[in-house]
>>> print(open('query-v3.cif').read())   # mmCIF, C-alpha atoms
data_upload
#
loop_
_atom_site.label_atom_id
_atom_site.label_comp_id
_atom_site.auth_asym_id
_atom_site.auth_seq_id
_atom_site.Cartn_x
_atom_site.Cartn_y
_atom_site.Cartn_z
CA MET A 1 -7.59 -0.32 -19.35
CA VAL A 2 -9.66 -3.12 -17.91
CA GLN A 3 -8.49 -6.31 -19.53
CA LEU A 4 -10.02 -9.34 -17.90
CA ASN A 5 -8.37 -11.95 -20.10
CA LEU A 6 -4.67 -12.56 -20.25
CA PRO A 7 -3.00 -11.75 -23.58
CA ALA A 8 -2.13 -14.74 -25.76
CA ASN A 9 1.51 -14.85 -24.71
CA SER A 10 0.56 -14.88 -21.02
CA LYS A 11 -1.90 -17.79 -21.04
CA VAL A 12 -0.75 -20.39 -18.54
CA GLU A 13 -0.28 -23.85 -20.02
CA LYS A 14 -0.03 -27.23 -18.40
CA GLY A 15 3.52 -27.95 -17.35
CA GLN A 16 5.67 -30.83 -16.27
CA TYR A 17 4.81 -33.25 -13.50
CA TYR A 18 7.56 -34.12 -11.04
CA LYS A 19 6.69 -37.38 -9.31
CA ASP A 20 7.89 -37.97 -5.77
CA LYS A 21 11.06 -40.04 -5.59
CA THR A 22 11.43 -40.33 -1.82
CA GLY A 23 8.63 -42.85 -1.39
CA SER A 24 7.04 -40.67 1.29
CA LYS A 25 3.46 -41.33 2.37
CA ASN A 26 2.84 -37.68 3.22
CA ILE A 27 2.78 -36.07 -0.20
CA ARG A 28 1.47 -32.67 -1.13
CA LYS A 29 1.04 -31.41 -4.66
CA VAL A 30 2.49 -27.98 -5.27
CA ASN A 31 1.71 -26.14 -8.51
CA VAL A 32 4.23 -23.49 -9.40
CA TYR A 33 4.03 -20.85 -12.15
CA ARG A 34 7.04 -21.10 -14.44
CA TRP A 35 8.23 -18.91 -17.24
CA ASP A 36 11.63 -19.00 -18.85
CA PRO A 37 12.64 -15.79 -20.69
CA SER A 38 15.22 -17.68 -22.77
CA THR A 39 12.53 -19.59 -24.67
CA ASN A 40 9.57 -18.37 -26.68
CA GLU A 41 7.17 -20.62 -24.80
CA ASN A 42 4.14 -19.54 -22.82
CA PRO A 43 4.16 -19.66 -19.03
CA ARG A 44 3.28 -23.06 -17.60
CA LEU A 45 2.17 -24.54 -14.30
CA ASP A 46 4.57 -27.23 -13.10
CA THR A 47 3.43 -29.69 -10.47
CA TYR A 48 5.77 -31.03 -7.82
CA GLU A 49 5.04 -33.82 -5.39
CA VAL A 50 6.66 -32.73 -2.14
CA ASP A 51 7.48 -34.96 0.81
CA MET A 52 5.90 -33.08 3.71
CA ASP A 53 7.42 -35.28 6.42
CA ASN A 54 10.76 -33.62 5.84
CA CYS A 55 9.64 -30.05 5.21
CA SER A 56 9.52 -27.13 7.62
CA SER A 57 6.38 -25.15 8.24
CA LYS A 58 6.38 -22.28 5.74
CA VAL A 59 5.61 -22.06 2.04
CA LEU A 60 9.13 -20.74 1.47
CA ASP A 61 10.46 -23.98 2.96
CA ILE A 62 8.53 -25.88 0.28
CA LEU A 63 10.08 -23.73 -2.45
CA ASN A 64 13.55 -24.17 -0.99
CA LYS A 65 12.95 -27.91 -0.85
CA ILE A 66 11.88 -27.99 -4.49
CA LYS A 67 14.88 -25.93 -5.52
CA ASN A 68 17.35 -27.96 -3.47
CA GLU A 69 16.01 -31.44 -4.05
CA ILE A 70 13.77 -31.56 -7.12
CA ASP A 71 14.29 -28.79 -9.65
CA PRO A 72 17.17 -26.31 -9.26
CA SER A 73 16.01 -24.25 -12.25
CA ILE A 74 13.13 -22.61 -10.36
CA ALA A 75 13.59 -18.89 -9.70
CA TYR A 76 12.13 -16.82 -6.87
CA ARG A 77 13.23 -13.93 -4.68
CA ARG A 78 13.95 -14.52 -1.02
CA SER A 79 16.31 -13.15 1.54
CA CYS A 80 15.64 -12.79 5.24
CA ALA A 81 13.04 -15.57 5.63
CA HIS A 82 11.61 -13.76 8.65
CA GLY A 83 9.02 -11.42 7.15
CA VAL A 84 11.25 -8.38 7.33
CA CYS A 85 12.69 -7.86 3.86
CA GLY A 86 9.58 -8.47 1.74
CA SER A 87 11.44 -10.26 -1.05
CA CYS A 88 9.39 -13.45 -1.14
CA ALA A 89 6.02 -11.78 -1.74
CA MET A 90 3.93 -14.00 -4.00
CA ASN A 91 0.44 -15.29 -4.60
CA MET A 92 -0.35 -18.46 -2.67
CA ASN A 93 -3.71 -20.16 -3.14
CA GLY A 94 -5.26 -16.99 -4.52
CA LYS A 95 -3.98 -14.56 -1.91
CA ASN A 96 -0.87 -12.43 -1.79
CA GLY A 97 1.51 -12.85 1.10
CA LEU A 98 5.06 -13.52 2.15
CA ALA A 99 6.11 -17.12 1.51
CA CYS A 100 8.37 -17.01 4.56
CA THR A 101 5.60 -16.17 7.03
CA LYS A 102 2.76 -18.13 5.44
CA SER A 103 2.34 -21.58 7.00
CA HIS A 104 1.44 -24.24 4.47
CA SER A 105 -0.84 -25.83 7.05
CA GLU A 106 -3.09 -22.76 6.64
CA LEU A 107 -3.59 -23.52 2.95
CA ASN A 108 -6.19 -26.08 1.90
CA GLY A 109 -5.67 -28.74 -0.72
CA ASP A 110 -3.00 -28.50 -3.39
CA ILE A 111 -0.85 -25.42 -3.13
CA ASP A 112 -0.87 -23.01 -6.09
CA ILE A 113 1.99 -20.56 -6.22
CA TYR A 114 1.96 -17.65 -8.68
CA PRO A 115 3.99 -14.47 -8.96
CA LEU A 116 2.41 -11.28 -7.62
CA PRO A 117 -0.60 -10.58 -9.90
CA HIS A 118 -0.61 -8.37 -12.99
CA LEU A 119 3.12 -7.73 -13.23
CA LYS A 120 5.45 -8.29 -16.12
CA VAL A 121 7.14 -11.57 -15.30
CA LEU A 122 10.95 -11.58 -15.37
CA LYS A 123 11.33 -15.26 -14.62
CA ASP A 124 9.17 -17.85 -12.86
CA LEU A 125 7.92 -16.24 -9.63
CA ILE A 126 9.76 -12.97 -10.11
CA GLY A 127 7.67 -10.01 -11.20
CA ASP A 128 8.92 -6.65 -12.42
CA LEU A 129 8.27 -4.01 -9.76
CA SER A 130 10.14 -1.14 -11.41
CA THR A 131 6.94 0.88 -12.05
CA LEU A 132 6.08 0.66 -8.38
CA TYR A 133 9.54 1.79 -7.36
CA LYS A 134 9.33 4.76 -9.71
CA GLN A 135 5.99 5.69 -8.19
CA TYR A 136 7.51 5.33 -4.73
CA GLU A 137 10.24 7.75 -5.73
CA SER A 138 7.61 10.18 -7.03
CA VAL A 139 6.16 10.72 -3.52
CA GLU A 140 9.63 11.74 -2.30
CA PRO A 141 9.78 9.42 0.68
CA TRP A 142 12.23 11.36 2.80
CA LEU A 143 12.04 14.01 5.49
CA LYS A 144 11.84 17.57 4.25
CA THR A 145 12.77 20.10 6.87
CA SER A 146 14.51 23.45 7.04
CA LYS A 147 15.90 22.70 10.49
CA VAL A 148 19.62 22.24 10.56
CA ASN A 149 20.21 20.80 13.99
CA ASP A 150 23.09 18.98 15.55
CA LYS A 151 20.53 17.58 17.94
CA GLU A 152 17.68 15.14 17.50
CA ASN A 153 14.57 16.34 15.72
CA ILE A 154 12.14 15.76 18.53
CA GLN A 155 8.53 14.63 18.23
CA THR A 156 5.88 14.36 20.93
CA LYS A 157 4.73 10.90 21.88
CA GLU A 158 1.34 11.59 20.30
CA ASP A 159 2.88 12.71 17.02
CA ARG A 160 5.13 9.68 17.00
CA ALA A 161 2.14 7.42 17.61
CA LYS A 162 0.61 8.66 14.33
CA LEU A 163 3.33 6.80 12.45
CA ASP A 164 2.43 3.46 13.99
CA GLY A 165 0.90 1.18 11.40
CA LEU A 166 2.72 3.11 8.67
CA TYR A 167 6.44 2.89 9.34
CA GLU A 168 6.26 -0.91 9.56
CA CYS A 169 5.62 -1.21 5.82
CA ILE A 170 8.33 -3.24 4.11
CA MET A 171 7.30 -2.41 0.53
CA CYS A 172 6.72 -6.04 -0.43
CA ALA A 173 3.98 -4.96 -2.89
CA CYS A 174 1.49 -7.58 -1.71
CA CYS A 175 -1.15 -4.87 -1.33
CA SER A 176 -0.61 -2.99 -4.58
CA THR A 177 -0.64 -6.15 -6.67
CA SER A 178 -3.81 -7.38 -4.97
CA CYS A 179 -5.68 -4.23 -5.95
CA PRO A 180 -7.93 -4.47 -9.06
CA SER A 181 -7.70 -0.69 -9.50
CA TYR A 182 -3.93 -1.03 -9.61
CA TRP A 183 -4.26 -3.88 -12.12
CA TRP A 184 -6.29 -1.76 -14.52
CA ASN A 185 -4.56 1.60 -13.91
CA GLY A 186 -1.16 0.62 -12.57
CA GLU A 187 0.63 3.17 -14.72
CA LYS A 188 -1.28 6.12 -13.28
CA TYR A 189 -2.84 5.07 -10.00
CA LEU A 190 -0.17 5.06 -7.29
CA GLY A 191 -1.56 1.99 -5.53
CA PRO A 192 -1.96 1.22 -1.82
CA ALA A 193 1.73 0.66 -0.98
CA VAL A 194 2.90 3.99 -2.36
CA LEU A 195 -0.11 5.89 -1.00
CA LEU A 196 0.49 4.45 2.47
CA GLN A 197 4.06 5.72 2.21
CA ALA A 198 2.83 9.09 0.96
CA TYR A 199 0.56 9.30 4.01
CA ARG A 200 3.45 8.30 6.28
CA TRP A 201 5.27 11.51 5.27
CA ILE A 202 2.15 13.68 5.14
CA ILE A 203 1.30 12.84 8.75
CA ASP A 204 4.87 13.19 10.10
CA SER A 205 4.95 16.21 12.43
CA ARG A 206 8.62 16.90 11.58
CA ASP A 207 7.94 17.22 7.86
CA GLU A 208 7.39 20.75 6.59
CA ASP A 209 6.14 19.86 3.14
CA ARG A 210 2.66 18.60 4.02
CA LYS A 211 0.75 21.02 1.79
CA GLU A 212 2.88 20.26 -1.25
CA ARG A 213 2.69 16.55 -0.62
CA LEU A 214 -1.09 16.65 -0.38
CA LYS A 215 -1.32 18.74 -3.52
CA LYS A 216 0.82 16.26 -5.38
CA VAL A 217 -1.33 13.21 -4.66
CA ALA A 218 -4.66 15.02 -5.04
CA ASP A 219 -5.33 13.63 -8.46
CA GLU A 220 -8.26 11.80 -10.05
CA LEU A 221 -5.99 8.97 -11.15
CA LYS A 222 -3.15 8.98 -8.61
CA LEU A 223 -5.38 8.85 -5.54
CA TYR A 224 -9.07 8.60 -6.30
CA ARG A 225 -8.86 5.30 -8.19
CA CYS A 226 -9.12 3.77 -4.75
CA HIS A 227 -12.68 2.47 -4.48
CA THR A 228 -12.19 0.81 -1.09
CA ILE A 229 -12.20 -2.71 -2.50
CA LEU A 230 -10.03 -3.48 0.53
CA ASN A 231 -8.02 -6.28 -1.08
CA CYS A 232 -4.92 -4.40 0.11
CA THR A 233 -5.83 -4.60 3.79
CA ASN A 234 -6.78 -8.24 3.38
CA ALA A 235 -3.45 -9.02 1.76
CA CYS A 236 -0.96 -7.10 3.93
CA PRO A 237 1.33 -9.66 5.60
CA LYS A 238 2.32 -7.11 8.24
CA GLY A 239 -1.28 -6.46 9.27
CA LEU A 240 -1.21 -2.83 8.17
CA ASN A 241 -4.16 -0.96 6.71
CA PRO A 242 -3.36 0.84 3.43
CA ALA A 243 -7.06 1.39 2.71
CA LYS A 244 -7.40 3.41 5.89
CA ALA A 245 -4.29 5.42 5.09
CA ILE A 246 -5.76 6.30 1.68
CA ALA A 247 -9.07 7.21 3.32
CA GLU A 248 -7.19 9.52 5.70
CA ILE A 249 -5.52 11.28 2.77
CA LYS A 250 -8.92 11.72 1.10
CA LYS A 251 -10.31 13.05 4.36
CA MET A 252 -7.45 15.52 4.79
CA LEU A 253 -8.04 16.77 1.25
CA ALA A 254 -11.79 17.07 1.79
CA THR A 255 -11.47 18.97 5.05
CA ALA A 256 -8.41 21.07 4.25
CA MET B 257 11.30 -1.30 -26.80
CA GLU B 258 8.06 -3.05 -26.09
CA ASN B 259 8.15 -5.45 -23.19
CA LYS B 260 7.19 -8.88 -24.51
CA ASN B 261 7.24 -10.58 -21.12
CA PRO B 262 4.00 -12.23 -20.05
CA ILE B 263 1.69 -10.68 -17.48
CA SER B 264 1.21 -12.72 -14.34
CA PRO B 265 -2.36 -14.00 -13.81
CA HIS B 266 -4.54 -11.62 -11.80
CA ILE B 267 -8.32 -11.75 -11.61
CA GLN B 268 -8.22 -15.36 -12.85
CA ILE B 269 -6.44 -16.54 -9.72
CA TYR B 270 -7.21 -13.98 -7.03
CA ASN B 271 -9.61 -15.03 -4.27
CA TRP B 272 -12.81 -13.12 -3.76
CA HIS B 273 -13.29 -11.50 -0.39
CA ILE B 274 -16.52 -10.16 1.03
CA SER B 275 -15.27 -6.60 0.61
CA SER B 276 -14.32 -7.07 -3.05
CA LEU B 277 -17.68 -8.74 -3.76
CA VAL B 278 -19.55 -5.84 -2.16
CA SER B 279 -17.42 -3.40 -4.15
CA ILE B 280 -18.09 -4.95 -7.56
CA SER B 281 -21.80 -5.43 -6.73
CA HIS B 282 -21.95 -1.77 -5.72
CA ARG B 283 -20.78 -0.86 -9.21
CA ILE B 284 -23.11 -3.23 -11.02
CA THR B 285 -26.16 -2.14 -9.01
CA GLY B 286 -25.12 1.46 -9.62
CA ILE B 287 -25.28 0.92 -13.36
CA ILE B 288 -28.61 -0.94 -13.07
CA ASN B 289 -30.03 1.91 -10.98
CA PHE B 290 -28.93 4.44 -13.56
CA PHE B 291 -30.92 2.68 -16.26
CA THR B 292 -33.84 2.00 -13.91
CA ILE B 293 -34.27 5.65 -13.06
CA THR B 294 -34.20 6.47 -16.76
CA LEU B 295 -36.90 3.85 -17.36
CA ILE B 296 -39.05 5.20 -14.52
CA GLY B 297 -38.60 8.65 -16.03
CA ILE B 298 -39.82 7.37 -19.38
CA TRP B 299 -42.75 5.64 -17.69
CA ILE B 300 -43.80 8.88 -16.01
CA ALA B 301 -43.34 10.78 -19.25
CA SER B 302 -45.54 8.23 -21.03
CA LEU B 303 -48.44 9.42 -18.87
CA LEU B 304 -48.53 12.43 -21.12
CA LEU B 305 -49.54 10.15 -23.95
CA GLY B 306 -52.73 9.21 -22.12
CA GLU B 307 -54.11 6.55 -19.86
CA GLN B 308 -53.62 3.71 -22.34
CA SER B 309 -49.85 3.91 -22.42
CA TYR B 310 -49.80 4.08 -18.64
CA GLN B 311 -51.96 0.97 -18.48
CA ASN B 312 -49.67 -0.93 -20.86
CA ILE B 313 -46.71 -0.54 -18.53
CA ASN B 314 -48.88 -1.10 -15.47
CA LEU B 315 -50.09 -4.36 -16.99
CA PHE B 316 -46.55 -5.47 -17.59
CA LEU B 317 -45.47 -4.63 -14.04
CA SER B 318 -48.45 -6.55 -12.60
CA SER B 319 -47.54 -9.69 -14.53
CA PHE B 320 -45.30 -12.39 -13.07
CA LEU B 321 -42.33 -11.23 -15.11
CA GLY B 322 -43.04 -7.63 -14.15
CA LYS B 323 -43.09 -8.48 -10.46
CA PHE B 324 -39.78 -10.27 -10.85
CA PHE B 325 -38.49 -7.16 -12.60
CA CYS B 326 -39.74 -4.97 -9.74
CA LEU B 327 -38.13 -7.16 -7.11
CA GLY B 328 -34.84 -7.02 -8.98
CA ILE B 329 -34.95 -3.25 -9.12
CA ILE B 330 -35.85 -2.97 -5.45
CA TRP B 331 -32.99 -5.29 -4.54
CA SER B 332 -30.60 -3.26 -6.62
CA PHE B 333 -31.67 -0.07 -4.85
CA SER B 334 -31.60 -1.74 -1.42
CA PHE B 335 -28.10 -3.01 -1.99
CA GLN B 336 -26.88 0.32 -3.27
CA MET B 337 -28.39 2.14 -0.31
CA LEU B 338 -26.86 -0.12 2.34
CA SER B 339 -23.52 -0.19 0.58
CA GLU B 340 -23.56 3.59 0.24
CA ILE B 341 -24.16 3.96 3.98
CA ARG B 342 -21.11 1.73 4.50
CA HIS B 343 -19.14 3.97 2.17
CA LEU B 344 -20.25 7.10 4.04
CA PHE B 345 -18.76 5.71 7.23
CA MET B 346 -15.59 4.78 5.38
CA ASP B 347 -15.33 8.29 3.98
CA LEU B 348 -15.33 9.49 7.59
CA GLY B 349 -12.48 7.09 8.29
CA TYR B 350 -14.43 4.49 10.25
CA GLY B 351 -14.83 0.76 9.75
CA PHE B 352 -11.53 -0.12 8.12
CA GLU B 353 -10.53 -2.86 10.55
CA GLN B 354 -10.51 -6.22 8.80
CA LYS B 355 -13.16 -7.69 11.08
CA THR B 356 -15.41 -4.66 10.76
CA THR B 357 -15.21 -4.63 6.97
CA LYS B 358 -16.21 -8.29 6.95
CA ILE B 359 -19.18 -7.74 9.24
CA THR B 360 -20.42 -4.59 7.49
CA GLY B 361 -19.92 -6.29 4.13
CA LEU B 362 -22.03 -9.23 5.24
CA ILE B 363 -24.70 -6.89 6.58
CA VAL B 364 -24.87 -5.22 3.16
CA LEU B 365 -24.88 -8.49 1.21
CA ILE B 366 -27.41 -10.33 3.36
CA GLY B 367 -29.35 -7.29 4.58
CA SER B 368 -30.27 -6.24 1.05
CA PHE B 369 -32.66 -9.22 0.76
CA PRO B 370 -34.91 -8.57 3.79
CA LEU B 371 -34.86 -4.88 2.91
CA THR B 372 -36.09 -5.81 -0.58
CA ILE B 373 -38.98 -7.84 0.83
CA ILE B 374 -39.92 -5.16 3.36
CA THR B 375 -39.89 -2.46 0.70
CA PHE B 376 -41.96 -4.64 -1.65
CA ILE B 377 -44.56 -5.39 1.04
CA ILE B 378 -44.77 -1.76 2.13
CA GLY B 379 -45.27 -0.83 -1.51
CA ARG B 380 -48.07 -3.41 -1.86
CA VAL B 381 -49.83 -2.15 1.26
CA LEU B 382 -49.59 1.50 0.28
CA ILE B 383 -50.67 1.12 -3.34
#
>>> encode(input="query-v3.cif", output="C-alpha cells")
Amino acid sequence: MVQLNLPANSKVEKGQYYKDKTGSKNIRKVNVYRWDPSTNENPRLDTYEVDMDNCSSKVLDILNKIKNEIDPSIAYRRSCAHGVCGSCAMNMNGKNGLACTKSHSELNGDIDIYPLPHLKVLKDLIGDLSTLYKQYESVEPWLKTSKVNDKENIQTKEDRAKLDGLYECIMCACCSTSCPSYWWNGEKYLGPAVLLQAYRWIIDSRDEDRKERLKKVADELKLYRCHTILNCTNACPKGLNPAKAIAEIKKMLATA
Amino acid sequence: MENKNPISPHIQIYNWHISSLVSISHRITGIINFFTITLIGIWIASLLLGEQSYQNINLFLSSFLGKFFCLGIIWSFSFQMLSEIRHLFMDLGYGFEQKTTKITGLIVLIGSFPLTIITFIIGRVLI
C-alpha cells in the first residue's frame, strides 16, 4: 500500500545536540537518525559537531569518530570499510550508498544520515533486511546443473562476459531500499537487488534451470512492479545497473 | 507478533532524480490524459444534442481559462508521448546507462514545452 506519511510511532523528533569540545575551527554538523528499542520513544535526529581537521575522508570515518569520541551509544553496521562487504549501506544526504566509500567532501552542507529507507528499524542506523534475504532465497541463487564432473564446468569467454555487471553485486540493499515500488510493495515485489541476482542465474550458461527460473519471476507483482524509476541504478555504490537487468528479464519473457 | 519498530523515513528524505521525476510525471499525465479523453468523448457526444451545446463548450475553450485548459492538456499529452517513446527504447533494453537516462529524461522534461507550443500553433493554423 502506498503510504506517504510515516506512522505516528515513526515520526522523527528533534534530538540532542552534542556541542564540539575540541575547540576546532573546522566544524561540520552531522545529523544522525537514532532510535533505541529499549525505550518507548519515537526516533529522533541527534546533531553532532564533528572536528573535521582530525577526520579521515569517508562518511564512515565520521561515524567512527562520533562513536569513539563523542557518543559510544550509536549503533550502525560496518565491517570491511572498503566497499566489499556492503554492511554500512545507509542514506546520506538523501541518497543511499556505502558510508565507507562515500567521501564527505562530496556532500554539501550539514550531513544527514538515516538508515536505509522504508525498513523496520532495529536500532539507530540498522534496518531489518530479513524480508529481502527471504526473497533472495526464493530465487534460489545457486547453480543448478545435472553435470557431475570432477573437472571445471567450463564457459566460453562470451558467456562469462554476460555475468559482468551482475556478479559484482554485494547485496548491500542500497538499490532495493531506494526503489519507491519496493517501498509500497516490498512484501511482494522482489526489488532490484533480488531481481538482479535472479537475472545473474538466468543468464548463466552453465545453469540448466533457465525456463523454471523465468517462469518463477514472471509475475505481476514479483517482477512487473518495476516501472523504470531508475533510483536503483542511481543508488548502486558498485556502479551496477539493476534496472537494465530487470529490463533484460522482461525482454526475455516477452520474446521467449 | 506485530512488529512495533518504527519505519525508517523514505520519500520524506529521498532525493529526487531526473528519472524519478519523469516517472512520477508520466503517471500523473497518464491519469490526466485518461480523464481528458473521456471529456473529449463527452464533448463529441454532446454534438448529438445540437449546435447549441457544441457552442457552449466551444465558447469555454475559446476563453482565456479555456485556452489555459487546452495548453495544459496538450502539455500532458506531449509529455506522455515523449516519455512513452523513452519507455519504448527502455523496453528494448536501450538507454539504461546513468548518463543516457539523465539526458533522455531532460529531453522529455524540457522537450514537452516546445512540443506543446508547436502543437498549439499548428492547431491554431489548421482550425
>>> resolve_selection(input="query-v3.cif", expression="the PyMOL selection byres ((chain B) within 12 of (chain A))", output="PyMOL selection string")
chain B and resi 258-283+339-340+342-358+361
>>> resolve_selection(input="query-v3.cif", expression="the PyMOL selection byres ((chain B and resi 368-374) around 7)", output="PyMOL selection string")
chain B and resi 327+330-331+334-335+364-367+375-378
>>> write_last_selection(input="query-v3.cif", atoms="C-alpha atoms", output="PDB file, keeping the file's coordinate frame")
ATOM      1  CA  LEU B 327     -38.130  -7.160  -7.110  1.00  0.00           C
ATOM      2  CA  ILE B 330     -35.850  -2.970  -5.450  1.00  0.00           C
ATOM      3  CA  TRP B 331     -32.990  -5.290  -4.540  1.00  0.00           C
ATOM      4  CA  SER B 334     -31.600  -1.740  -1.420  1.00  0.00           C
ATOM      5  CA  PHE B 335     -28.100  -3.010  -1.990  1.00  0.00           C
ATOM      6  CA  VAL B 364     -24.870  -5.220   3.160  1.00  0.00           C
ATOM      7  CA  LEU B 365     -24.880  -8.490   1.210  1.00  0.00           C
ATOM      8  CA  ILE B 366     -27.410 -10.330   3.360  1.00  0.00           C
ATOM      9  CA  GLY B 367     -29.350  -7.290   4.580  1.00  0.00           C
ATOM     10  CA  THR B 375     -39.890  -2.460   0.700  1.00  0.00           C
ATOM     11  CA  PHE B 376     -41.960  -4.640  -1.650  1.00  0.00           C
ATOM     12  CA  ILE B 377     -44.560  -5.390   1.040  1.00  0.00           C
ATOM     13  CA  ILE B 378     -44.770  -1.760   2.130  1.00  0.00           C
TER      14      ILE B 378
END
>>> atom_distance(input="query-v3.cif", atom1="atom CA of Ile74 of chain A", atom2="atom CA of Cys174 of chain A")
20.9 Å
>>> resolve_selection(input="query-v3.cif", expression="the PyMOL selection byres ((chain A and resi 200) around 10)", output="NGL selection string")
:A and (141-142 or 162-167 or 169 or 194-199 or 201-204 or 245)
>>> axis_aligned_box(input="query-v3.cif", around="segment 350-360 of chain B", padding_each_side="4 Å", output="lines of an AutoDock Vina configuration file")
center_x = -15.5
center_y = -1.9
center_z = 9.0
size_x = 17.9
size_y = 20.8
size_z = 12.1
>>> atom_distance(input="query-v3.cif", atom1="atom CA of Ser181 of chain A", atom2="atom CA of Ser130 of chain A")
17.9 Å
>>> closest_residue(input="query-v3.cif", among="A:Thr22, A:Thr156, A:Ser56, A:Thr39", to="Thr101 of chain A", atoms="only C-alpha atoms")
A:Ser56
